[in-house]
$ cat work.csv   # CSV, C-alpha atoms
chain,number,residue,atom,x,y,z
A,1,MET,CA,62.7,104.6,151.6
A,2,ASP,CA,59.9,102.8,150.0
A,3,SER,CA,61.7,100.6,147.4
A,4,ILE,CA,59.6,99.8,144.4
A,5,LEU,CA,62.1,98.1,142.1
A,6,VAL,CA,65.2,96.3,143.3
A,7,ILE,CA,67.7,94.8,140.8
A,8,GLU,CA,70.4,92.6,142.4
A,9,ASN,CA,73.4,91.3,140.6
A,10,LEU,CA,71.5,91.0,137.3
A,11,THR,CA,73.4,89.3,134.6
A,12,LYS,CA,71.9,88.5,131.2
A,13,LEU,CA,74.3,87.6,128.3
A,14,TYR,CA,73.4,86.7,124.8
A,15,LYS,CA,75.2,84.4,122.4
A,16,ASN,CA,77.0,87.3,120.7
A,17,GLY,CA,78.4,88.3,124.1
A,18,ARG,CA,76.2,91.4,124.5
A,19,GLY,CA,73.9,91.9,127.5
A,20,VAL,CA,74.5,93.1,131.0
A,21,LYS,CA,76.7,92.0,133.9
A,22,ASN,CA,76.2,92.4,137.7
A,23,ILE,CA,73.7,95.3,137.6
A,24,ASN,CA,72.5,96.6,141.0
A,25,LEU,CA,69.9,99.3,141.0
A,26,THR,CA,67.0,100.4,143.3
A,27,VAL,CA,64.1,102.6,142.4
A,28,ASN,CA,62.2,104.2,145.2
A,29,ARG,CA,58.7,105.6,145.2
A,30,GLY,CA,58.5,108.8,143.2
A,31,ASP,CA,62.0,108.4,141.7
A,32,VAL,CA,62.6,109.2,138.0
A,33,VAL,CA,65.6,107.0,137.3
A,34,GLY,CA,67.4,107.5,134.0
A,35,LEU,CA,69.4,104.8,132.3
A,36,LEU,CA,71.9,106.7,130.2
A,37,GLY,CA,74.1,105.0,127.7
A,38,PRO,CA,74.7,104.6,123.9
A,39,ASN,CA,72.7,102.2,121.8
A,40,GLY,CA,73.7,98.6,122.5
A,41,SER,CA,74.9,99.4,126.0
A,42,GLY,CA,72.4,97.1,127.7
A,43,LYS,CA,69.6,99.6,128.7
A,44,THR,CA,66.9,97.7,126.9
A,45,THR,CA,68.1,94.3,128.2
A,46,ILE,CA,67.7,95.7,131.8
A,47,MET,CA,64.2,96.9,131.0
A,48,LYS,CA,63.1,93.7,129.2
A,49,THR,CA,64.2,91.7,132.2
A,50,VAL,CA,62.4,94.0,134.6
A,51,MET,CA,59.2,93.6,132.5
A,52,GLY,CA,59.5,89.8,132.3
A,53,MET,CA,60.2,89.9,128.6
A,54,CYS,CA,63.4,87.9,129.0
A,55,HIS,CA,64.9,85.7,131.7
A,56,ALA,CA,67.8,86.7,133.8
A,57,GLY,CA,70.9,84.5,133.5
A,58,SER,CA,71.6,85.2,137.1
A,59,GLY,CA,70.6,87.7,139.8
A,60,LYS,CA,67.2,88.8,140.8
A,61,VAL,CA,64.6,91.5,139.9
A,62,THR,CA,62.0,92.3,142.6
A,63,ILE,CA,59.0,94.6,142.1
A,64,PHE,CA,56.9,95.4,145.1
A,65,GLY,CA,58.6,92.6,147.0
A,66,THR,CA,57.8,90.0,144.4
A,67,ASP,CA,60.5,88.2,142.3
A,68,VAL,CA,59.7,88.7,138.6
A,69,GLU,CA,61.0,85.2,137.8
A,70,GLU,CA,58.8,83.5,140.4
A,71,ASP,CA,55.5,85.3,139.8
A,72,VAL,CA,55.6,87.7,136.8
A,73,GLU,CA,51.9,88.4,136.9
A,74,LYS,CA,51.9,89.5,140.5
A,75,ALA,CA,55.2,91.4,140.1
A,76,LEU,CA,53.9,93.4,137.1
A,77,GLY,CA,50.4,94.0,138.5
A,78,LYS,CA,51.1,97.7,139.2
A,79,VAL,CA,53.6,98.2,136.3
A,80,GLY,CA,53.2,99.9,133.0
A,81,GLY,CA,55.7,100.0,130.2
A,82,LEU,CA,56.8,101.0,126.7
A,83,ILE,CA,59.7,99.0,125.4
A,84,GLU,CA,61.2,99.8,122.0
A,85,ARG,CA,58.0,100.6,119.9
A,86,PRO,CA,54.3,100.7,121.0
A,87,ALA,CA,52.2,97.6,120.2
A,88,ILE,CA,49.6,99.4,118.1
A,89,TYR,CA,47.0,98.0,115.8
A,90,GLU,CA,47.2,100.5,113.0
A,91,TYR,CA,43.8,99.6,111.5
A,92,LEU,CA,42.2,100.8,114.8
A,93,SER,CA,41.7,104.3,116.1
A,94,ALA,CA,43.7,105.6,119.1
A,95,TYR,CA,40.5,105.2,121.3
A,96,ASP,CA,39.9,101.6,120.1
A,97,ASN,CA,43.6,100.7,120.8
A,98,LEU,CA,43.2,101.9,124.4
A,99,LYS,CA,39.7,100.4,124.7
A,100,MET,CA,41.1,97.0,123.7
A,101,MET,CA,43.9,97.3,126.2
A,102,ALA,CA,41.5,98.4,128.9
A,103,ARG,CA,39.9,94.9,128.9
A,104,PHE,CA,42.9,93.6,130.8
A,105,TYR,CA,42.5,96.2,133.6
A,106,PRO,CA,39.5,96.1,135.9
A,107,GLY,CA,38.2,99.6,136.6
A,108,VAL,CA,39.6,101.3,133.5
A,109,ASP,CA,36.6,103.0,131.9
A,110,ASP,CA,35.9,105.4,129.1
A,111,ALA,CA,36.6,108.4,131.4
A,112,ARG,CA,40.1,107.0,132.2
A,113,ILE,CA,40.8,106.4,128.5
A,114,GLU,CA,39.7,110.0,127.7
A,115,HIS,CA,41.9,111.3,130.5
A,116,VAL,CA,45.1,109.6,129.4
A,117,MET,CA,44.5,110.7,125.8
A,118,ASN,CA,44.3,114.3,127.1
A,119,ILE,CA,47.4,113.9,129.2
A,120,VAL,CA,49.5,113.0,126.2
A,121,ARG,CA,47.6,115.5,123.9
A,122,ILE,CA,46.0,113.1,121.4
A,123,GLY,CA,42.4,113.6,122.5
A,124,ARG,CA,41.4,115.3,119.4
A,125,TYR,CA,42.7,112.4,117.3
A,126,ALA,CA,40.8,109.8,119.3
A,127,LYS,CA,38.8,108.5,116.4
A,128,GLU,CA,41.6,108.7,113.8
A,129,LYS,CA,43.2,105.4,112.5
A,130,THR,CA,46.6,105.1,114.0
A,131,GLY,CA,48.1,103.9,110.7
A,132,ARG,CA,48.0,107.6,109.7
A,133,PHE,CA,49.9,108.7,112.9
A,134,SER,CA,53.4,110.1,112.8
A,135,LEU,CA,56.1,108.4,114.8
A,136,GLY,CA,55.7,111.0,117.5
A,137,MET,CA,51.9,110.5,117.7
A,138,LYS,CA,52.4,106.8,118.0
A,139,GLN,CA,54.9,107.4,120.8
A,140,ARG,CA,52.3,109.5,122.6
A,141,LEU,CA,49.8,106.7,122.2
A,142,GLY,CA,52.3,104.2,123.5
A,143,ILE,CA,52.8,106.4,126.7
A,144,ALA,CA,49.1,106.6,127.1
A,145,MET,CA,49.0,102.8,127.0
A,146,ALA,CA,51.8,102.6,129.6
A,147,ILE,CA,49.9,104.8,132.1
A,148,LEU,CA,46.4,103.6,131.3
A,149,SER,CA,46.0,101.4,134.4
A,150,GLU,CA,47.4,104.0,136.8
A,151,PRO,CA,50.5,102.0,137.5
A,152,GLU,CA,52.8,102.8,140.4
A,153,LEU,CA,56.0,101.9,138.3
A,154,VAL,CA,56.4,102.9,134.7
A,155,VAL,CA,59.2,101.6,132.5
A,156,LEU,CA,59.9,103.7,129.4
A,157,ASP,CA,62.5,103.0,126.7
A,158,GLU,CA,63.4,106.2,124.8
A,159,PRO,CA,60.0,107.9,125.6
A,160,THR,CA,60.6,111.1,123.6
A,161,ASN,CA,61.7,109.2,120.5
A,162,GLY,CA,60.2,110.9,117.4
A,163,LEU,CA,58.8,113.8,119.2
A,164,ASP,CA,59.4,117.4,118.3
A,165,ILE,CA,60.7,120.0,120.8
A,166,GLU,CA,57.3,120.9,122.2
A,167,GLY,CA,56.3,117.2,122.4
A,168,THR,CA,59.5,116.3,124.2
A,169,VAL,CA,59.0,119.0,126.8
A,170,GLU,CA,55.4,117.9,127.3
A,171,ILE,CA,56.2,114.3,127.9
A,172,ARG,CA,59.1,115.2,130.2
A,173,GLU,CA,56.7,117.4,132.3
A,174,ILE,CA,54.1,114.6,132.4
A,175,ILE,CA,56.7,112.2,133.8
A,176,LYS,CA,57.9,114.7,136.4
A,177,ARG,CA,54.4,115.7,137.4
A,178,LEU,CA,53.2,112.1,137.9
A,179,ALA,CA,56.3,111.4,140.0
A,180,ALA,CA,55.9,114.5,142.2
A,181,GLU,CA,52.1,114.6,142.5
A,182,LYS,CA,51.1,110.9,142.4
A,183,GLY,CA,54.3,109.2,143.7
A,184,VAL,CA,54.6,107.2,140.5
A,185,SER,CA,58.1,105.8,140.0
A,186,PHE,CA,59.8,105.8,136.5
A,187,LEU,CA,62.7,103.9,135.0
A,188,VAL,CA,63.5,105.7,131.8
A,189,ALA,CA,66.2,104.9,129.2
A,190,SER,CA,67.8,107.3,126.8
A,191,HIS,CA,71.1,107.8,124.9
A,192,LEU,CA,70.6,111.6,125.2
A,193,ALA,CA,72.3,113.1,128.3
A,194,PRO,CA,70.5,116.5,128.2
A,195,GLU,CA,67.1,114.7,128.2
A,196,ILE,CA,68.0,112.5,131.2
A,197,GLU,CA,69.4,115.6,133.0
A,198,LYS,CA,66.2,117.5,132.6
A,199,MET,CA,63.8,114.6,133.4
A,200,CYS,CA,65.4,112.5,136.1
A,201,ASN,CA,66.4,112.8,139.8
A,202,LYS,CA,68.8,109.9,139.6
A,203,VAL,CA,71.0,108.6,136.8
A,204,ALA,CA,72.6,105.2,136.1
A,205,ILE,CA,75.4,105.2,133.6
A,206,VAL,CA,75.3,102.0,131.5
A,207,HIS,CA,78.2,101.3,129.2
A,208,GLU,CA,79.1,98.0,127.4
A,209,GLY,CA,76.8,96.0,129.6
A,210,GLU,CA,78.2,97.4,132.9
A,211,LEU,CA,76.8,99.9,135.4
A,212,LEU,CA,79.6,102.5,135.8
A,213,SER,CA,77.8,104.6,138.4
A,214,TYR,CA,74.4,105.2,140.0
A,215,GLU,CA,74.0,108.7,141.5
A,216,THR,CA,71.5,111.3,142.3
A,217,MET,CA,71.3,113.9,139.6
A,218,GLU,CA,72.3,116.5,142.2
A,219,GLU,CA,75.5,114.6,143.0
A,220,ALA,CA,76.4,113.9,139.3
A,221,LEU,CA,76.0,117.7,138.5
A,222,ARG,CA,78.1,118.6,141.6
A,223,LEU,CA,80.9,116.4,140.2
A,224,SER,CA,80.7,117.7,136.6
A,225,PRO,CA,79.3,120.8,134.8
A,226,SER,CA,76.8,118.7,132.9
A,227,LEU,CA,75.5,115.2,132.7
A,228,GLU,CA,77.2,114.8,129.3
A,229,ASP,CA,80.6,115.6,131.0
A,230,TYR,CA,79.8,113.3,133.9
A,231,PHE,CA,79.1,110.4,131.4
A,232,LEU,CA,82.3,111.0,129.5
A,233,THR,CA,84.3,111.1,132.8
A,234,LYS,CA,82.9,107.8,133.8
A,235,VAL,CA,83.8,106.3,130.4
A,236,LYS,CA,87.3,107.7,130.7
A,237,ASP,CA,87.7,106.3,134.2
A,238,LYS,CA,86.8,102.8,132.7
A,239,ARG,CA,88.8,102.9,129.5
A,240,GLY,CA,91.5,105.4,130.3
A,241,THR,CA,90.6,107.6,127.3
A,242,ILE,CA,87.6,109.4,126.0
A,243,ILE,CA,86.3,108.3,122.6
A,244,ILE,CA,84.5,111.0,120.7

$ encode --input "work.csv" --output "C-alpha cells"
Amino acid sequence: MDSILVIENLTKLYKNGRGVKNINLTVNRGDVVGLLGPNGSGKTTIMKTVMGMCHAGSGKVTIFGTDVEEDVEKALGKVGGLIERPAIYEYLSAYDNLKMMARFYPGVDDARIEHVMNIVRIGRYAKEKTGRFSLGMKQRLGIAMAILSEPELVVLDEPTNGLDIEGTVEIREIIKRLAAEKGVSFLVASHLAPEIEKMCNKVAIVHEGELLSYETMEEALRLSPSLEDYFLTKVKDKRGTIII
C-alpha cells in the first residue's frame, strides 16, 4: 500500500483536558477516511495537527514521508484542506478569492480556477461578492480552495456543513470521484454517521479524545446493520452503556 498520511501515537492535550491521546491512523492513496465522532471528540484537533496548525504534544505525523513538525512546508506541499470555516475575503468575488490563492501555487492558471469553480457548481457566481453567499455557497468555495492546487491529500472538516440535500450529494460524489479516478486521498471529519457511511471507504471512531476503532467501511457494516449502530456499539464497549 502507498501510505500518504501516517499518524503515530499522536497526543495533543489542552489546558482544559480536551484533545486527543495515542491516535494511530494511516491513510493510503485513494482512501476516503472518515473521522466520525460528536462535537468536541477531537476530530478537529487531529486535522489541525495534520495541517501543521498546532503542535503535537507527543507522537508523529508524517505526510509523503516527511515529518510535519520537522518540515511543515515540504510535508504540506501536496496537501489541501478546509478546517472549520473557509478563509474567505467577503469583499472579493469567488473568482478573486481563488485568484489570490493561486499566487501561492505555481501552475494554477485561470483555466484551473474556472475548472474547480465548475466542479463545486459555483461557476455562474464567479464574479459575485462572497459576502452575499449563503453558508452552503461559502462551503463550496472553501472546497474549491482546498482542491485548487490539485493536491494528492485533502483534509476536510465537516465538508457538507450548510449544504442542502442536492449540495451534500454533489460534494460527496466529487470526493468519491476524485479518489477513484485521480487517486486523491481524503481525511474527512463529520458528526453525521450516514454521511460518513455514504462517502468513505474507511472509518475511524473518535470519542472523548480516543480512537475507539479504525476499520474498512465494509468491515464496520459487516459487524453492524449501519454505521450509526457500529458507532453506538463502540461507545457501549468503552463505557458499558449507551447514552442517547

$ closest_atom_pairs --input "work.csv" --of "range 142-244 of chain A" --to "range 105-110 of chain A" --cutoff "10 Å" --atoms "only C-alpha atoms" --output "JSON lines"
{"residue": "A:Leu148", "atom": "CA", "partner": "A:Val108", "partner_atom": "CA", "distance": 7.5}
{"residue": "A:Ser149", "atom": "CA", "partner": "A:Tyr105", "partner_atom": "CA", "distance": 6.3}
{"residue": "A:Glu150", "atom": "CA", "partner": "A:Val108", "partner_atom": "CA", "distance": 8.9}

$ residues_around --input "work.csv" --residues "Thr26 in chain A" --least-positions-apart "3" --cutoff "12 Å" --atoms "all atoms listed in the file" --output "number ranges by chain"
A: 1-9, 23, 29-34, 50, 60-64, 185-187, 202-204, 214-216

$ write_last_selection --input "work.csv" --atoms "C-alpha atoms" --output "short mmCIF file (atom, residue, chain, number, x, y, z; two decimals), in the frame of the given file"
data_model
loop_
_atom_site.label_atom_id
_atom_site.label_comp_id
_atom_site.auth_asym_id
_atom_site.auth_seq_id
_atom_site.Cartn_x
_atom_site.Cartn_y
_atom_site.Cartn_z
CA MET A 1 62.70 104.60 151.60
CA ASP A 2 59.90 102.80 150.00
CA SER A 3 61.70 100.60 147.40
CA ILE A 4 59.60 99.80 144.40
CA LEU A 5 62.10 98.10 142.10
CA VAL A 6 65.20 96.30 143.30
CA ILE A 7 67.70 94.80 140.80
CA GLU A 8 70.40 92.60 142.40
CA ASN A 9 73.40 91.30 140.60
CA ILE A 23 73.70 95.30 137.60
CA ARG A 29 58.70 105.60 145.20
CA GLY A 30 58.50 108.80 143.20
CA ASP A 31 62.00 108.40 141.70
CA VAL A 32 62.60 109.20 138.00
CA VAL A 33 65.60 107.00 137.30
CA GLY A 34 67.40 107.50 134.00
CA VAL A 50 62.40 94.00 134.60
CA LYS A 60 67.20 88.80 140.80
CA VAL A 61 64.60 91.50 139.90
CA THR A 62 62.00 92.30 142.60
CA ILE A 63 59.00 94.60 142.10
CA PHE A 64 56.90 95.40 145.10
CA SER A 185 58.10 105.80 140.00
CA PHE A 186 59.80 105.80 136.50
CA LEU A 187 62.70 103.90 135.00
CA LYS A 202 68.80 109.90 139.60
CA VAL A 203 71.00 108.60 136.80
CA ALA A 204 72.60 105.20 136.10
CA TYR A 214 74.40 105.20 140.00
CA GLU A 215 74.00 108.70 141.50
CA THR A 216 71.50 111.30 142.30
#

$ atom_distance --input "work.csv" --atom1 "CA of Gly57 in chain A" --atom2 "CA of Cys200 in chain A"
28.7 Å

$ residues_around --input "work.csv" --residues "range 131-144 of chain A" --least-positions-apart "6" --cutoff "6 Å" --atoms "all atoms listed in the file" --output "VMD selection string"
chain A and resid 86 90 116 120 162 to 163

$ residues_around --input "work.csv" --residues "Leu36 in chain A" --least-positions-apart "3" --cutoff "6 Å" --atoms "all atoms listed in the file" --output "count of residues only"
4

$ residues_around --input "work.csv" --residues "Gly80 in chain A" --least-positions-apart "6" --cutoff "6 Å" --atoms "all atoms listed in the file" --output "NGL selection string"
:A and (146-147 or 151 or 154)

$ atom_distance --input "work.csv" --atom1 "CA of His207 in chain A" --atom2 "CA of Asn24 in chain A"
13.9 Å

$ atom_distance --input "work.csv" --atom1 "CA of Arg85 in chain A" --atom2 "CA of Thr160 in chain A"
11.4 Å

$ residues_around --input "work.csv" --residues "Thr49 in chain A" --least-positions-apart "6" --cutoff "9 Å" --atoms "all atoms listed in the file" --output "number ranges by chain"
A: 10, 12, 55-56, 61, 68

$ closest_residue --input "work.csv" --among "A:Lys182, A:Asn28, A:Arg121, A:Glu70" --to "Thr168 in chain A" --atoms "all atoms listed in the file"
A:Arg121

$ closest_residue --input "work.csv" --among "A:Ile122, A:Leu227, A:Ala189, A:Val72" --to "Thr45 in chain A" --atoms "all atoms listed in the file"
A:Ala189

$ closest_residue --input "work.csv" --among "A:Lys74, A:Lys127, A:Lys234, A:Arg112" --to "Tyr95 in chain A" --atoms "only C-alpha atoms"
A:Lys127

$ closest_residue --input "work.csv" --among "A:Asn39, A:Thr130, A:Thr44, A:Thr233" --to "Leu82 in chain A" --atoms "all atoms listed in the file"
A:Thr44
